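The file upload.cif contains mmCIF, C-alpha atoms and all ligand atoms:
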```cif
data_input
loop_
_atom_site.label_atom_id
_atom_site.label_comp_id
_atom_site.auth_asym_id
_atom_site.auth_seq_id
_atom_site.Cartn_x
_atom_site.Cartn_y
_atom_site.Cartn_z
CA MET A 1 -60.36 -123.94 75.88
CA THR A 2 -61.77 -123.88 79.41
CA THR A 3 -59.64 -123.27 82.45
CA THR A 4 -60.65 -123.97 86.02
CA ALA A 5 -60.24 -120.94 88.22
CA ARG A 6 -57.38 -121.34 90.68
CA ASP A 7 -58.44 -121.37 94.32
CA PRO A 8 -55.47 -120.04 96.31
CA ILE A 9 -56.99 -120.90 99.69
CA ALA A 10 -57.53 -124.51 98.60
CA ALA A 11 -53.91 -124.60 97.39
CA VAL A 12 -52.71 -123.54 100.84
CA ARG A 13 -55.09 -125.93 102.63
CA GLU A 14 -54.02 -128.93 100.53
CA GLY A 15 -50.35 -128.01 100.53
CA LEU A 16 -50.18 -127.66 104.30
CA ALA A 17 -52.46 -130.58 105.16
CA GLU A 18 -49.59 -132.96 105.85
CA PHE A 19 -46.72 -130.53 106.20
CA THR A 20 -44.85 -130.93 109.49
CA VAL A 21 -41.80 -129.51 111.21
CA GLU A 22 -39.48 -131.50 113.51
CA VAL A 23 -38.32 -129.80 116.71
CA PRO A 24 -34.98 -130.35 118.50
CA SER A 25 -34.83 -131.61 122.08
CA TRP A 26 -31.98 -129.17 122.77
CA ALA A 27 -34.13 -126.08 122.11
CA TYR A 28 -35.80 -126.42 125.51
CA GLY A 29 -32.76 -126.46 127.78
CA ASN A 30 -30.67 -123.48 128.83
CA SER A 31 -28.27 -122.23 126.20
CA GLY A 32 -26.09 -119.28 125.43
CA THR A 33 -22.92 -118.22 123.73
CA ARG A 34 -19.39 -119.03 124.80
CA PHE A 35 -19.63 -115.87 126.92
CA LYS A 36 -22.68 -116.70 129.02
CA VAL A 37 -25.45 -119.23 129.43
CA PHE A 38 -28.59 -117.60 130.78
CA ALA A 39 -30.64 -119.82 133.06
CA GLN A 40 -34.39 -119.69 132.52
CA PRO A 41 -36.97 -120.88 135.05
CA GLY A 42 -38.68 -124.19 134.38
CA VAL A 43 -36.26 -125.67 131.84
CA PRO A 44 -36.37 -129.47 131.53
CA ARG A 45 -34.34 -131.56 133.94
CA ASP A 46 -34.20 -134.64 131.72
CA PRO A 47 -35.12 -135.85 128.21
CA TYR A 48 -38.61 -136.81 129.41
CA GLU A 49 -39.33 -133.19 130.30
CA LYS A 50 -37.81 -131.99 127.02
CA LEU A 51 -40.36 -134.16 125.22
CA ALA A 52 -43.15 -132.73 127.37
CA ASP A 53 -42.18 -129.21 126.27
CA ALA A 54 -41.86 -130.26 122.65
CA ALA A 55 -45.35 -131.79 122.85
CA GLN A 56 -46.69 -128.34 123.75
CA VAL A 57 -45.39 -127.01 120.44
CA ASN A 58 -47.25 -129.77 118.65
CA ALA A 59 -50.40 -129.28 120.73
CA TYR A 60 -50.71 -125.60 119.76
CA THR A 61 -49.47 -125.73 116.15
CA GLY A 62 -50.76 -129.20 115.22
CA ALA A 63 -47.71 -129.39 112.95
CA ALA A 64 -44.71 -130.49 115.03
CA PRO A 65 -45.19 -134.20 115.75
CA ARG A 66 -41.52 -135.30 115.86
CA VAL A 67 -38.63 -134.48 118.18
CA SER A 68 -34.95 -134.91 117.27
CA LEU A 69 -32.66 -136.29 119.95
CA HIS A 70 -28.96 -135.56 120.45
CA ILE A 71 -26.77 -138.36 121.85
CA PRO A 72 -25.30 -138.31 124.52
CA TRP A 73 -27.20 -135.16 125.61
CA ASP A 74 -30.43 -137.21 125.63
CA LEU A 75 -28.99 -140.46 126.94
CA VAL A 76 -31.47 -142.47 129.03
CA ASP A 77 -31.39 -146.02 130.40
CA ASP A 78 -34.39 -147.18 128.44
CA PHE A 79 -35.02 -145.62 125.02
CA GLY A 80 -38.10 -147.80 124.50
CA LYS A 81 -39.58 -146.14 127.57
CA LEU A 82 -38.65 -142.69 126.23
CA ALA A 83 -40.33 -143.47 122.89
CA ALA A 84 -43.44 -144.69 124.73
CA HIS A 85 -43.45 -141.47 126.76
CA ALA A 86 -43.28 -139.52 123.48
CA ALA A 87 -46.23 -141.49 122.11
CA ASP A 88 -48.24 -140.77 125.27
CA LEU A 89 -47.61 -137.08 124.64
CA GLY A 90 -48.73 -137.36 121.02
CA VAL A 91 -45.28 -137.04 119.43
CA SER A 92 -42.61 -139.42 118.17
CA ILE A 93 -38.83 -139.53 118.07
CA GLY A 94 -37.34 -138.02 114.93
CA ALA A 95 -33.72 -137.87 113.82
CA ILE A 96 -30.99 -139.14 116.11
CA ASN A 97 -28.08 -136.68 116.13
CA SER A 98 -24.63 -138.02 116.87
CA ASN A 99 -22.15 -135.92 118.81
CA VAL A 100 -18.42 -136.11 118.21
CA PHE A 101 -17.67 -132.56 119.30
CA GLN A 102 -17.36 -132.76 123.06
CA ASP A 103 -14.78 -135.43 123.68
CA ASP A 104 -11.09 -134.65 124.30
CA ALA A 105 -10.16 -137.59 122.09
CA TYR A 106 -11.56 -135.72 119.07
CA MET A 107 -9.40 -132.60 119.34
CA LEU A 108 -7.65 -133.43 116.05
CA GLY A 109 -10.69 -135.04 114.45
CA SER A 110 -13.11 -137.91 114.89
CA LEU A 111 -14.05 -139.78 111.69
CA THR A 112 -11.04 -138.17 109.97
CA ASN A 113 -8.49 -138.57 112.77
CA ALA A 114 -5.07 -139.90 111.74
CA ASP A 115 -5.26 -142.37 114.64
CA PRO A 116 -7.30 -145.46 113.64
CA ALA A 117 -8.29 -146.08 117.29
CA ILE A 118 -9.94 -142.66 117.52
CA ARG A 119 -11.72 -143.19 114.21
CA ALA A 120 -12.98 -146.55 115.52
CA LYS A 121 -14.26 -144.84 118.68
CA ALA A 122 -16.16 -142.28 116.57
CA VAL A 123 -17.63 -145.00 114.35
CA ALA A 124 -18.67 -146.94 117.48
CA HIS A 125 -20.52 -143.86 118.74
CA HIS A 126 -22.56 -143.84 115.55
CA VAL A 127 -23.30 -147.53 115.95
CA GLN A 128 -24.59 -146.63 119.44
CA CYS A 129 -26.83 -143.99 117.80
CA ILE A 130 -28.12 -146.64 115.39
CA GLU A 131 -29.08 -148.76 118.43
CA VAL A 132 -31.00 -145.75 119.74
CA MET A 133 -32.79 -145.54 116.38
CA ARG A 134 -33.81 -149.19 116.67
CA ALA A 135 -35.10 -148.69 120.21
CA THR A 136 -37.04 -145.50 119.40
CA GLY A 137 -38.28 -146.25 115.88
CA SER A 138 -36.27 -143.37 114.42
CA LYS A 139 -35.31 -143.72 110.75
CA ASP A 140 -32.84 -140.85 110.38
CA LEU A 141 -29.25 -140.79 111.63
CA LYS A 142 -27.97 -137.23 111.46
CA LEU A 143 -24.26 -136.59 111.37
CA TRP A 144 -22.67 -133.18 111.65
CA LEU A 145 -18.92 -133.58 111.43
CA PRO A 146 -17.08 -131.04 113.59
CA ASP A 147 -13.69 -132.14 112.20
CA GLY A 148 -11.32 -129.69 110.58
CA LEU A 149 -7.98 -127.91 110.68
CA ASN A 150 -6.86 -124.61 112.13
CA TYR A 151 -3.57 -124.33 110.26
CA PRO A 152 -2.42 -125.02 106.70
CA GLY A 153 -0.21 -128.10 106.69
CA GLN A 154 -1.62 -129.35 110.00
CA ASP A 155 -2.81 -132.53 108.26
CA SER A 156 -3.36 -133.73 104.71
CA LEU A 157 -6.67 -132.45 103.31
CA ARG A 158 -6.84 -135.41 100.92
CA ASP A 159 -5.97 -138.10 103.46
CA ARG A 160 -8.67 -136.78 105.74
CA GLN A 161 -11.24 -137.16 102.94
CA GLU A 162 -10.12 -140.77 102.41
CA ARG A 163 -10.38 -141.55 106.12
CA LEU A 164 -13.78 -139.88 106.24
CA ALA A 165 -15.06 -141.90 103.29
CA ASP A 166 -13.90 -145.10 104.99
CA SER A 167 -15.49 -144.19 108.36
CA LEU A 168 -18.76 -143.22 106.68
CA GLN A 169 -18.81 -146.55 104.81
CA GLN A 170 -18.63 -148.38 108.12
CA ILE A 171 -21.47 -146.32 109.61
CA TYR A 172 -23.62 -146.73 106.50
CA ALA A 173 -23.03 -150.49 106.56
CA ALA A 174 -24.18 -150.65 110.19
CA MET A 175 -27.55 -149.02 109.41
CA ASP A 176 -30.75 -150.96 108.72
CA GLU A 177 -32.32 -151.09 105.25
CA ASP A 178 -34.94 -148.50 106.20
CA HIS A 179 -32.50 -146.10 107.86
CA ARG A 180 -31.25 -142.93 106.20
CA LEU A 181 -27.99 -141.09 106.82
CA LEU A 182 -28.41 -137.30 106.91
CA LEU A 183 -25.02 -135.67 106.34
CA GLU A 184 -24.72 -132.04 107.43
CA TYR A 185 -22.13 -129.50 106.25
CA LYS A 186 -20.80 -126.32 107.78
CA PHE A 187 -18.24 -123.94 106.32
CA PHE A 188 -16.49 -122.95 109.56
CA GLU A 189 -16.36 -123.68 113.27
CA PRO A 190 -15.11 -125.23 115.43
CA TYR A 191 -12.09 -125.08 113.12
CA PHE A 192 -11.27 -122.09 111.00
CA TYR A 193 -8.81 -122.93 108.22
CA ALA A 194 -10.61 -125.93 106.74
CA MET A 195 -13.59 -128.02 107.74
CA ASP A 196 -13.72 -131.61 106.50
CA ILE A 197 -17.34 -131.28 105.30
CA PRO A 198 -17.53 -127.55 104.61
CA ASP A 199 -20.12 -127.44 101.85
CA TRP A 200 -22.99 -129.18 100.11
CA GLY A 201 -20.72 -130.41 97.34
CA THR A 202 -18.50 -132.35 99.74
CA SER A 203 -21.50 -133.72 101.58
CA LEU A 204 -23.14 -134.74 98.30
CA LEU A 205 -20.00 -136.46 97.00
CA HIS A 206 -19.81 -138.58 100.14
CA CYS A 207 -23.53 -139.35 99.93
CA LEU A 208 -23.24 -140.41 96.29
CA ALA A 209 -20.36 -142.73 97.18
CA LEU A 210 -22.31 -144.27 100.07
CA GLY A 211 -25.59 -145.09 98.39
CA GLU A 212 -29.20 -144.04 97.92
CA ARG A 213 -30.05 -143.73 101.59
CA ALA A 214 -27.40 -141.08 102.22
CA THR A 215 -28.71 -137.54 101.84
CA VAL A 216 -27.57 -133.99 102.56
CA VAL A 217 -28.73 -131.84 105.49
CA LEU A 218 -28.89 -128.13 104.76
CA ASP A 219 -28.52 -126.07 107.93
CA THR A 220 -29.51 -122.55 106.91
CA GLY A 221 -26.96 -121.05 109.33
CA HIS A 222 -23.96 -122.85 107.84
CA HIS A 223 -23.21 -120.68 104.82
CA ALA A 224 -21.14 -117.63 104.04
CA PRO A 225 -23.07 -114.34 103.88
CA ASN A 226 -25.12 -113.87 100.71
CA THR A 227 -24.92 -117.53 99.68
CA ASN A 228 -27.86 -118.33 97.43
CA ILE A 229 -29.31 -121.10 99.58
CA GLU A 230 -32.35 -121.69 97.38
CA PHE A 231 -30.00 -122.56 94.53
CA ILE A 232 -28.46 -125.29 96.69
CA VAL A 233 -31.98 -126.50 97.54
CA ALA A 234 -32.89 -126.69 93.85
CA GLN A 235 -29.67 -128.52 92.98
CA LEU A 236 -30.01 -131.11 95.77
CA LEU A 237 -33.65 -131.69 94.87
CA ARG A 238 -32.61 -132.36 91.26
CA GLN A 239 -30.34 -135.10 92.57
CA GLY A 240 -32.94 -136.49 94.98
CA ARG A 241 -30.42 -135.91 97.79
CA LEU A 242 -31.99 -133.20 99.92
CA GLY A 243 -32.67 -135.22 103.05
CA ALA A 244 -33.43 -132.52 105.58
CA PHE A 245 -33.15 -128.93 106.73
CA ASP A 246 -31.80 -127.60 109.97
CA PHE A 247 -33.71 -124.33 110.06
CA ASN A 248 -32.51 -121.26 111.91
CA SER A 249 -31.48 -117.67 111.14
CA ARG A 250 -28.08 -116.06 111.09
CA PHE A 251 -26.87 -112.49 111.05
CA TYR A 252 -23.13 -113.05 111.52
CA ALA A 253 -22.11 -116.59 112.39
CA ASP A 254 -23.94 -119.81 113.29
CA ASP A 255 -26.37 -117.73 115.34
CA ASP A 256 -29.11 -120.39 115.70
CA LEU A 257 -31.82 -117.71 115.90
CA MET A 258 -35.46 -118.38 115.17
CA VAL A 259 -35.99 -119.33 111.53
CA GLY A 260 -37.52 -116.55 109.48
CA ALA A 261 -36.43 -113.93 112.01
CA ALA A 262 -33.41 -112.55 110.17
CA ASP A 263 -34.60 -112.96 106.60
CA PRO A 264 -38.18 -114.10 106.02
CA PHE A 265 -37.76 -113.45 102.29
CA GLN A 266 -34.93 -115.97 102.12
CA LEU A 267 -37.12 -118.53 103.87
CA PHE A 268 -39.85 -117.84 101.32
CA ARG A 269 -37.40 -118.24 98.42
CA ILE A 270 -36.27 -121.58 99.86
CA MET A 271 -39.86 -122.73 100.27
CA HIS A 272 -40.69 -121.63 96.76
CA GLU A 273 -38.06 -124.06 95.44
CA ILE A 274 -39.46 -126.74 97.74
CA VAL A 275 -43.05 -126.22 96.58
CA GLU A 276 -41.98 -126.02 92.91
CA ALA A 277 -40.61 -129.55 93.32
CA ASP A 278 -43.58 -130.74 95.44
CA ALA A 279 -41.00 -131.45 98.12
CA HIS A 280 -43.30 -130.10 100.85
CA LEU A 281 -45.27 -133.35 100.53
CA PRO A 282 -44.34 -136.23 102.89
CA SER A 283 -43.60 -138.49 99.90
CA SER A 284 -40.49 -136.38 99.20
CA ARG A 285 -39.10 -137.39 102.60
CA VAL A 286 -37.47 -134.00 103.11
CA ASN A 287 -37.37 -133.61 106.89
CA PHE A 288 -38.02 -129.98 107.86
CA MET A 289 -36.20 -129.73 111.18
CA LEU A 290 -35.38 -126.81 113.44
CA ASP A 291 -31.88 -126.46 114.88
CA GLN A 292 -32.12 -123.48 117.18
CA CYS A 293 -31.28 -122.24 120.62
CA HIS A 294 -33.34 -119.69 122.50
CA ASN A 295 -30.76 -117.92 124.62
CA ILE A 296 -32.80 -114.93 125.74
CA GLU A 297 -36.39 -115.66 124.67
CA PRO A 298 -38.84 -118.15 126.22
CA LYS A 299 -38.10 -121.52 124.68
CA VAL A 300 -41.45 -123.19 123.99
CA GLN A 301 -42.77 -119.92 122.58
CA GLY A 302 -39.62 -119.55 120.49
CA GLN A 303 -40.27 -122.96 118.99
CA ILE A 304 -43.93 -122.19 118.32
CA ARG A 305 -42.96 -118.91 116.64
CA SER A 306 -40.48 -120.80 114.44
CA VAL A 307 -43.04 -123.38 113.35
CA LEU A 308 -45.43 -120.55 112.48
CA ASN A 309 -42.72 -118.75 110.50
CA VAL A 310 -42.09 -121.91 108.46
CA GLN A 311 -45.82 -122.41 107.89
CA GLU A 312 -46.20 -118.81 106.73
CA ALA A 313 -43.34 -119.20 104.26
CA VAL A 314 -44.83 -122.43 102.88
CA ALA A 315 -48.29 -120.85 102.64
CA LYS A 316 -46.88 -117.93 100.66
CA ALA A 317 -45.00 -120.31 98.39
CA LEU A 318 -48.23 -122.23 97.83
CA LEU A 319 -49.92 -118.97 96.83
CA VAL A 320 -47.55 -118.53 93.89
CA ASP A 321 -49.55 -119.05 90.71
CA ARG A 322 -47.24 -121.67 89.28
CA GLU A 323 -48.93 -121.87 85.91
CA ALA A 324 -48.87 -118.11 85.39
CA LEU A 325 -45.27 -118.02 86.59
CA ARG A 326 -44.25 -120.69 84.10
CA GLN A 327 -45.93 -118.77 81.28
CA ALA A 328 -44.20 -115.54 82.27
CA GLN A 329 -40.84 -117.32 82.50
CA LEU A 330 -41.22 -118.97 79.10
CA ALA A 331 -42.29 -115.68 77.58
CA GLY A 332 -39.20 -113.96 78.99
CA ASP A 333 -41.42 -111.61 80.99
CA VAL A 334 -38.85 -110.68 83.60
CA LEU A 335 -40.93 -108.25 85.60
CA GLY A 336 -44.13 -110.25 85.25
CA ALA A 337 -42.44 -113.37 86.65
CA ASN A 338 -40.81 -111.47 89.47
CA GLY A 339 -44.12 -109.72 90.20
CA LEU A 340 -45.95 -113.03 90.56
CA LEU A 341 -43.43 -114.17 93.14
CA MET A 342 -43.55 -110.88 95.02
CA ASP A 343 -47.37 -110.82 95.02
CA ALA A 344 -47.34 -114.13 96.85
CA TYR A 345 -44.60 -113.07 99.26
CA ASN A 346 -46.38 -109.83 100.08
CA THR A 347 -49.67 -111.54 100.91
CA ASP A 348 -50.52 -111.63 104.61
CA VAL A 349 -51.31 -115.31 105.16
CA ARG A 350 -51.88 -115.16 108.91
CA GLY A 351 -55.67 -114.99 108.51
CA ILE A 352 -55.73 -118.00 106.19
CA LEU A 353 -53.55 -119.99 108.58
CA GLY A 354 -55.79 -119.02 111.51
CA ASP A 355 -58.82 -120.26 109.57
CA LEU A 356 -57.08 -123.54 108.74
CA ARG A 357 -56.19 -124.06 112.40
CA GLU A 358 -59.80 -123.51 113.43
CA GLU A 359 -60.88 -126.07 110.82
CA LYS A 360 -58.59 -128.56 112.59
CA GLY A 361 -59.98 -127.69 116.03
CA LEU A 362 -56.91 -125.65 117.03
CA GLN A 363 -56.90 -122.10 118.29
CA ARG A 364 -56.23 -119.40 115.69
CA ASP A 365 -53.25 -117.93 117.48
CA PRO A 366 -50.98 -120.65 118.92
CA ILE A 367 -48.74 -118.18 120.77
CA ALA A 368 -51.63 -116.47 122.53
CA ALA A 369 -53.19 -119.84 123.32
CA TYR A 370 -49.94 -121.16 124.79
CA ARG A 371 -49.40 -118.01 126.84
CA ALA A 372 -52.92 -118.25 128.22
CA SER A 373 -52.54 -121.94 129.09
CA GLY A 374 -50.42 -121.37 132.21
CA TYR A 375 -47.95 -124.13 131.16
CA GLN A 376 -44.95 -121.85 131.45
CA GLU A 377 -45.87 -120.78 134.99
CA ARG A 378 -46.52 -124.41 135.94
CA ILE A 379 -43.14 -125.74 134.80
CA ALA A 380 -41.38 -122.78 136.40
CA ALA A 381 -42.98 -123.71 139.71
CA GLU A 382 -42.56 -127.48 139.39
CA ARG A 383 -39.11 -127.87 137.88
CA VAL A 384 -36.09 -126.86 139.84
CA GLY A 385 -32.54 -127.50 138.66
CA GLY A 386 -32.94 -127.63 134.88
CA HIS A 387 -29.84 -127.87 132.69
CA GLN A 388 -28.03 -126.21 129.86
CA ALA A 389 -29.22 -127.55 126.53
CA GLY A 390 -26.14 -129.59 125.76
CA TRP A 391 -23.60 -130.50 128.30
CA GLY A 392 -25.14 -133.46 130.09
CA ALA A 393 -28.72 -132.20 130.16
C1 LIG A 401 -23.53 -127.58 114.37
O1 LIG A 401 -23.35 -126.19 114.35
C2 LIG A 401 -25.01 -127.93 114.42
O2 LIG A 401 -25.70 -127.20 113.46
C3 LIG A 401 -25.22 -129.41 114.27
O3 LIG A 401 -26.47 -129.69 113.68
C4 LIG A 401 -25.22 -129.85 115.69
O4 LIG A 401 -25.74 -131.13 115.90
C5 LIG A 401 -26.04 -128.77 116.30
O5 LIG A 401 -25.55 -127.59 115.66
C6 LIG A 401 -25.99 -128.63 117.77
O6 LIG A 401 -26.85 -127.58 118.14
MN MN A 402 -27.40 -128.03 112.45
MN MN A 403 -25.11 -125.12 113.48
#
```

For this file, produce the structure as structure tokens.
Ligand code: PSV
Ligand code: MN
Ligand code: MN
Amino acid sequence: MTTTARDPIAAVREGLAEFTVEVPSWAYGNSGTRFKVFAQPGVPRDPYEKLADAAQVNAYTGAAPRVSLHIPWDLVDDFGKLAAHAADLGVSIGAINSNVFQDDAYMLGSLTNADPAIRAKAVAHHVQCIEVMRATGSKDLKLWLPDGLNYPGQDSLRDRQERLADSLQQIYAAMDEDHRLLLEYKFFEPYFYAMDIPDWGTSLLHCLALGERATVVLDTGHHAPNTNIEFIVAQLLRQGRLGAFDFNSRFYADDDLMVGAADPFQLFRIMHEIVEADAHLPSSRVNFMLDQCHNIEPKVQGQIRSVLNVQEAVAKALLVDREALRQAQLAGDVLGANGLLMDAYNTDVRGILGDLREEKGLQRDPIAAYRASGYQERIAAERVGGHQAGWGA
């Protein structure tokens, strides 16, 4: 029997050839905690400037060609014009995020509210987001439901699920045939006793009830400590219902830190499950998005760093000798199998990634290249009066 020798560099080159990360428009504005928002010089004053900053991330990484919008944070008069501006900058509009967490009317819930008029208002907001998708060419409607309860007995847990199912049906029915619904879950916050979509199981059940184009969003910051996130990834992939990631890192709460900063090994384990299922390929339609805020670090650089961290994790996952791993697993070779995974994780892939960038005409070190470009100094001088990431920016 002849075997062809495995070429790990070729595996990384092929695996990353079409792998992209989507960046969020809200990463470029000022942000902070509920204690303090720190203003940084040169932050965007409108969605057009957010796209310009996002385009820098794509220019230096060559791997971030889409930008998610958040409505109404990114509301403009003419979304066709905004999409054309994106195209001029070499990027396109990605997922459209709805926002039902800033309106007084939603204090006791939006899509789950006991008042039918408030539910109708929340559904209408999603229909508005679908209009934005049509105007921008976006195919993904992303819904994070902030609804929940602070006190036992405050409302009926079951009735809220029924109302939610009904509201989601209306939203799903309003979408076009080529639109997807990305349904995000979060186990706590802004409410603390019970969230109405607290976990992947609840999200998945609603997606299954809605139809094939409803898929789950896994935000890495939305789990209890020590949750085995890669298990959730594997399970959703089995069902064909992993629609997207919101990548970030957490130490304590929903910290929204740079992905791969807190636990690069976890990111690798997640990407190993992705690569095992060939879900890093565009045909899988898993949208690898960032959902981060850069409260104290420079924002464009923070986004570039995050894209690089994701690329490094994917590259390491691609280095895993899948055939040898399978053999070791089938043979019950516990330490051999674990060793194969750790060998890949412990490989320094930065040189390989630098080589691959040079092959594509990019600079080896995107952070150094961006820092040397003078863009940051230019926007700091040109832009005065930039906004906080969310509230009206
Ligand atoms: C909620 O914590 C969340 O993760 C949702 O994705 C929101 O849209 C986003 O954060 C806002 O940053
Ligand atoms: Mn999120
Ligand atoms: Mn979050």

Distance filter 9 Å around ligand MN 403 (chain A), atoms: only C-alpha atoms and all ligand atoms, out as a PyMOL selection string: chain A and resi 144+185-186+189+219-222+246+248+254-256+291-292

Selection: 10 Å around Asn58 (chain A), all atoms listed in the file, excl. self and same-chain fewer than 2 positions, as a PyMOL selection string: chain A and resi 20-23+53-56+60-67+89-91+303-304+307+366

Store the residues picked out above, limited to C-alpha atoms, as an mmCIF file, keeping the file's coordinate frame.
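Just written: result38.cif:
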```cif
data_model
loop_
_atom_site.group_PDB
_atom_site.id
_atom_site.type_symbol
_atom_site.label_atom_id
_atom_site.label_comp_id
_atom_site.auth_asym_id
_atom_site.auth_seq_id
_atom_site.Cartn_x
_atom_site.Cartn_y
_atom_site.Cartn_z
ATOM 1 C CA THR A 20 -44.850 -130.930 109.490
ATOM 2 C CA VAL A 21 -41.800 -129.510 111.210
ATOM 3 C CA GLU A 22 -39.480 -131.500 113.510
ATOM 4 C CA VAL A 23 -38.320 -129.800 116.710
ATOM 5 C CA ASP A 53 -42.180 -129.210 126.270
ATOM 6 C CA ALA A 54 -41.860 -130.260 122.650
ATOM 7 C CA ALA A 55 -45.350 -131.790 122.850
ATOM 8 C CA GLN A 56 -46.690 -128.340 123.750
ATOM 9 C CA TYR A 60 -50.710 -125.600 119.760
ATOM 10 C CA THR A 61 -49.470 -125.730 116.150
ATOM 11 C CA GLY A 62 -50.760 -129.200 115.220
ATOM 12 C CA ALA A 63 -47.710 -129.390 112.950
ATOM 13 C CA ALA A 64 -44.710 -130.490 115.030
ATOM 14 C CA PRO A 65 -45.190 -134.200 115.750
ATOM 15 C CA ARG A 66 -41.520 -135.300 115.860
ATOM 16 C CA VAL A 67 -38.630 -134.480 118.180
ATOM 17 C CA LEU A 89 -47.610 -137.080 124.640
ATOM 18 C CA GLY A 90 -48.730 -137.360 121.020
ATOM 19 C CA VAL A 91 -45.280 -137.040 119.430
ATOM 20 C CA GLN A 303 -40.270 -122.960 118.990
ATOM 21 C CA ILE A 304 -43.930 -122.190 118.320
ATOM 22 C CA VAL A 307 -43.040 -123.380 113.350
ATOM 23 C CA PRO A 366 -50.980 -120.650 118.920
#
```

Residues within 10 Å of (-22.8, -134.7, 98.1), counting all atoms listed in the file, listed as a VMD selection string: chain A and resid 183 to 185 197 199 to 210 214 to 217 236 239 241 to 242

Go ahead and save the residues from that selection, with C-alpha atoms, as a PDB file, keeping the file's coordinate frame.
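The new file out.pdb reads:
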```
ATOM      1  CA  LEU A 183     -25.020-135.670 106.340  1.00  0.00           C
ATOM      2  CA  GLU A 184     -24.720-132.040 107.430  1.00  0.00           C
ATOM      3  CA  TYR A 185     -22.130-129.500 106.250  1.00  0.00           C
ATOM      4  CA  ILE A 197     -17.340-131.280 105.300  1.00  0.00           C
ATOM      5  CA  ASP A 199     -20.120-127.440 101.850  1.00  0.00           C
ATOM      6  CA  TRP A 200     -22.990-129.180 100.110  1.00  0.00           C
ATOM      7  CA  GLY A 201     -20.720-130.410  97.340  1.00  0.00           C
ATOM      8  CA  THR A 202     -18.500-132.350  99.740  1.00  0.00           C
ATOM      9  CA  SER A 203     -21.500-133.720 101.580  1.00  0.00           C
ATOM     10  CA  LEU A 204     -23.140-134.740  98.300  1.00  0.00           C
ATOM     11  CA  LEU A 205     -20.000-136.460  97.000  1.00  0.00           C
ATOM     12  CA  HIS A 206     -19.810-138.580 100.140  1.00  0.00           C
ATOM     13  CA  CYS A 207     -23.530-139.350  99.930  1.00  0.00           C
ATOM     14  CA  LEU A 208     -23.240-140.410  96.290  1.00  0.00           C
ATOM     15  CA  ALA A 209     -20.360-142.730  97.180  1.00  0.00           C
ATOM     16  CA  LEU A 210     -22.310-144.270 100.070  1.00  0.00           C
ATOM     17  CA  ALA A 214     -27.400-141.080 102.220  1.00  0.00           C
ATOM     18  CA  THR A 215     -28.710-137.540 101.840  1.00  0.00           C
ATOM     19  CA  VAL A 216     -27.570-133.990 102.560  1.00  0.00           C
ATOM     20  CA  VAL A 217     -28.730-131.840 105.490  1.00  0.00           C
ATOM     21  CA  LEU A 236     -30.010-131.110  95.770  1.00  0.00           C
ATOM     22  CA  GLN A 239     -30.340-135.100  92.570  1.00  0.00           C
ATOM     23  CA  ARG A 241     -30.420-135.910  97.790  1.00  0.00           C
ATOM     24  CA  LEU A 242     -31.990-133.200  99.920  1.00  0.00           C
TER      25      LEU A 242
END
```

Nearest residue to Arg383 (chain A) from the set A:Pro8, A:Gly42, A:Gly15, A:Gly332 (distances using all atoms listed in the file):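 Closest residue, counting all atoms listed in the file: A:Gly42.
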
From A:Gln128, A:Thr136, A:Ser306, A:Ser156, residue lying nearest His294 (chain A) [all atoms listed in the file]: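 Of all the options, A:Ser306 lies closest to His294 (chain A).
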